[in-house]
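Novice: If you scroll down you'll find the structure; I have some questions about it.
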Amino acid sequence: MTPLALFQRWLRQPAFSAQVTVVLLLALIAAGGAHYTGFAAPQVMLNLIIDNAYLLVLAVGMSLVILSGGIDLSVGAVLALATTVAAWLLHHAHWPAWAVIALVLGGGAAFGVLQGALIHAFRLQPFIVTLAGMFLARGLCYLISVDSITIEDPTFVLVSQTQWAVPGGFISPSAAIAVAVLVAGIWLAHRSAFGRAVYALGGNEQSALMMGLPVGRTKLMVYGLSGLCAALAGLLFAFYMLSGYGLHAQGAELDAIAAVVIGGTMLSGGYGYVAGALSGVLVLGVIQTLIAFDGTLSSWWTKIVIGALLFVFCVVQRLLARPAGQA
């Protein structure tokens with residue numbers, strides 16, 4: 001087989017966009033290292049995970065939702081609500097940290113399950129249900145407090161300031177938690193019966209029903225896990241910012257969707273890799289770091305570049321979804 005034929009065969013593979021993302025990530029790092037002194041330093045690379053730990057957790061939950069053929073627009077608002085509830089309970093109600101963490105995680109999972117139940121029981125579009133959930137969660141933030149609430153709890157402060165030494169630098173507990181969530185998400189998606197049901201549901205819901213798969217239970221679990229990841233991301237964001245505020249993480253749901261799509265997961269559902277969430281988040285982080293190292297560009301260029309990348313990856317996904325004879 002000729003090199004051209006091999007390239008055309010690779011181009012038609014569904015994994016093409018995920019592999020291109022890894023190539024793009026390496027190219028961006030190489031370009032940054034060539035143009036800016038210290039860009040490719042190990043600690044700068046580790047900071048990509050430290051600074052985007054909350055986004056990686058959001059993207060893992062969003063990956064499962066998109067793989068199932070759905071969407072969850074409420075995750076950014078649930079993240080903000082988690083920070084607000086945690087800060088209020090710690091600052092005003094003086095709850096112990098472990099109780100706050102347990103309540104926030106349980107509340108996020110319950111919120112997601114409720115959305116999944118509405119989507120399944122009433123055959124509603126996930127876009128509409130989760131959009132309503134986004135407005136509800138943001139509104140609850142301001143019902144609790146219209147101002148930012150500072151977190152001074154010793155446990156949260158300790159987690160925020162802790163650094164664990166690794167080869168080349170250090171990582172934070174939040175980064176370690178995010179990587180653990182990624183590993184758990186990969187196992188769930190690719191090594192469990194639940195993961196197989198998620199892929200089947202995203203491929204064709206009617207076929208999944210005819211195969212006897214628990215479609216309703218899978219939807220509830222998918223959105224419950226997304227809510228749990230959003231609440232956990234809220235706690236990681238609270239560790240990072242040491243505050244709770246209704247304006248935290250505005251647009252984070254769109255960043256999570258962008259990371260998942262750039263990571264190679266099909267928006268139509270049924271195909272993709274949870275591991276792609278990591279490469280997608282890292283691409284977004286590298287773009288932000290490049291702009292910061294440049295120093296002359298507005299931070300809005302991050303959004304412009306991400307928007308352009310999304311256009312490109314959506315077109316690539318559309319071409320990959322076409323039959324080989326039409327491609």
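Starting from 1 in every chain, residues are counted up; chains themselves are A, B, ... following the order of the structure tokens, and ligands are numbered from 1 as listed.
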If we count only C-alpha atoms, what is near segment 139-150 of chain A at a cut-off of 9 Å, once residues fewer than 5 positions away on the same chain are taken out, given as number ranges by chain?
Specialist: A: 77, 80-85, 87-88, 91, 134, 241-247
Novice: Determine, counting only C-alpha atoms, which protein, DNA and RNA residues have an atom within 7 Å of an atom of Gly69 of chain A; residues of the same chain fewer than 2 positions away are not included. Present the result as a PyMOL selection string.
Specialist: chain A and resi 65-67+201-202+268-270
Novice: Find the residue from A:Gly32, A:Pro154, A:Gly133, A:Gly70 that sits nearest to Lys219 of chain A; use only C-alpha atoms when measuring.
Specialist: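 Checking each candidate against Lys219 of chain A, we get A:Gly70 as the closest.
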Novice: Would you mind telling me which residue in A:Leu282, A:Leu79, A:Val57, A:Leu158 lies nearest to Val44 of chain A when using only C-alpha atoms?
Specialist: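 Among the listed residues, the smallest separation from Val44 of chain A belongs to A:Leu282.
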Novice: Please run DSSP on the backbone and report, as a compact mmCIF listing (two decimals) with C-alpha atoms, in the first residue's frame, all residues within segment 74-195 of chain A that come out as helix (DSSP H, G or I).
Specialist:
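Written output follows (out05.txt):
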```txt
# COMPACT_ATOMS: atom_id res chain seq x y z
CA VAL A 75 -22.15 22.14 34.65
CA GLY A 76 -20.65 25.63 34.89
CA ALA A 77 -23.55 26.88 36.98
CA VAL A 78 -23.44 23.78 39.20
CA LEU A 79 -19.73 24.46 39.70
CA ALA A 80 -20.48 28.02 40.81
CA LEU A 81 -23.30 26.79 43.06
CA ALA A 82 -20.94 24.26 44.66
CA THR A 83 -18.42 27.00 45.48
CA THR A 84 -21.15 29.26 46.87
CA VAL A 85 -22.77 26.57 49.03
CA ALA A 86 -19.39 25.39 50.33
CA ALA A 87 -18.23 28.92 51.15
CA TRP A 88 -21.52 29.82 52.89
CA LEU A 89 -21.58 26.65 54.98
CA LEU A 90 -17.95 27.10 56.00
CA HIS A 91 -18.07 30.84 56.66
CA ALA A 97 -15.03 20.63 55.92
CA TRP A 98 -15.79 16.92 55.49
CA ALA A 99 -19.54 17.50 55.93
CA VAL A 100 -19.48 20.37 53.41
CA ILE A 101 -17.63 18.25 50.86
CA ALA A 102 -20.07 15.35 51.31
CA LEU A 103 -23.13 17.61 50.98
CA VAL A 104 -21.81 19.40 47.90
CA LEU A 105 -20.91 16.17 46.10
CA GLY A 106 -24.24 14.54 47.00
CA GLY A 107 -26.17 17.63 45.94
CA GLY A 108 -24.38 17.79 42.58
CA ALA A 109 -25.09 14.14 41.85
CA ALA A 110 -28.77 14.54 42.85
CA PHE A 111 -29.09 17.61 40.61
CA GLY A 112 -27.72 15.64 37.67
CA VAL A 113 -29.96 12.63 38.34
CA LEU A 114 -32.99 14.93 38.44
CA GLN A 115 -32.10 16.35 35.04
CA GLY A 116 -31.57 12.85 33.64
CA ALA A 117 -34.95 11.75 35.01
CA LEU A 118 -36.71 14.68 33.35
CA ILE A 119 -34.97 13.99 30.05
CA HIS A 120 -35.87 10.31 30.08
CA ALA A 121 -39.34 10.33 31.64
CA PRO A 126 -31.20 17.54 26.95
CA PHE A 127 -30.37 21.02 25.64
CA ILE A 128 -33.59 22.51 27.07
CA VAL A 129 -33.52 20.64 30.38
CA THR A 130 -29.89 21.43 31.15
CA LEU A 131 -30.36 25.04 30.01
CA ALA A 132 -33.13 25.32 32.60
CA GLY A 133 -30.79 23.67 35.11
CA MET A 134 -28.13 26.26 34.31
CA PHE A 135 -30.51 29.16 35.03
CA LEU A 136 -31.74 27.43 38.20
CA ALA A 137 -28.25 26.81 39.59
CA ARG A 138 -27.04 30.34 38.83
CA GLY A 139 -30.16 31.78 40.41
CA LEU A 140 -29.65 29.73 43.56
CA CYS A 141 -26.12 31.15 43.82
CA TYR A 142 -27.46 34.69 44.10
CA LEU A 143 -30.23 33.59 46.42
CA ILE A 144 -27.52 32.43 48.83
CA PRO A 154 -8.11 25.55 57.69
CA THR A 155 -8.73 22.36 55.70
CA PHE A 156 -9.50 24.21 52.47
CA VAL A 157 -6.55 26.56 53.00
CA LEU A 158 -4.25 23.59 53.65
CA VAL A 159 -5.37 21.82 50.46
CA SER A 160 -4.99 25.07 48.52
CA GLN A 161 -1.41 25.59 49.70
CA PRO A 173 -3.81 17.89 45.35
CA SER A 174 -6.45 19.26 42.96
CA ALA A 175 -4.35 18.20 39.96
CA ALA A 176 -3.91 14.71 41.42
CA ILE A 177 -7.66 14.44 42.01
CA ALA A 178 -8.36 15.54 38.43
CA VAL A 179 -6.01 12.89 37.02
CA ALA A 180 -7.64 10.25 39.26
CA VAL A 181 -11.07 11.28 37.94
CA LEU A 182 -9.75 10.97 34.38
CA VAL A 183 -8.44 7.46 35.04
CA ALA A 184 -11.78 6.47 36.63
CA GLY A 185 -13.66 7.93 33.66
CA ILE A 186 -11.52 5.99 31.18
CA TRP A 187 -12.14 2.77 33.09
CA LEU A 188 -15.89 3.39 33.28
CA ALA A 189 -16.17 4.17 29.58
CA HIS A 190 -13.98 1.40 28.20
CA ARG A 191 -13.90 -1.37 30.80
CA ALA A 193 -20.88 -2.62 31.29
CA PHE A 194 -22.04 0.92 32.02
CA GLY A 195 -19.57 2.26 29.47
```
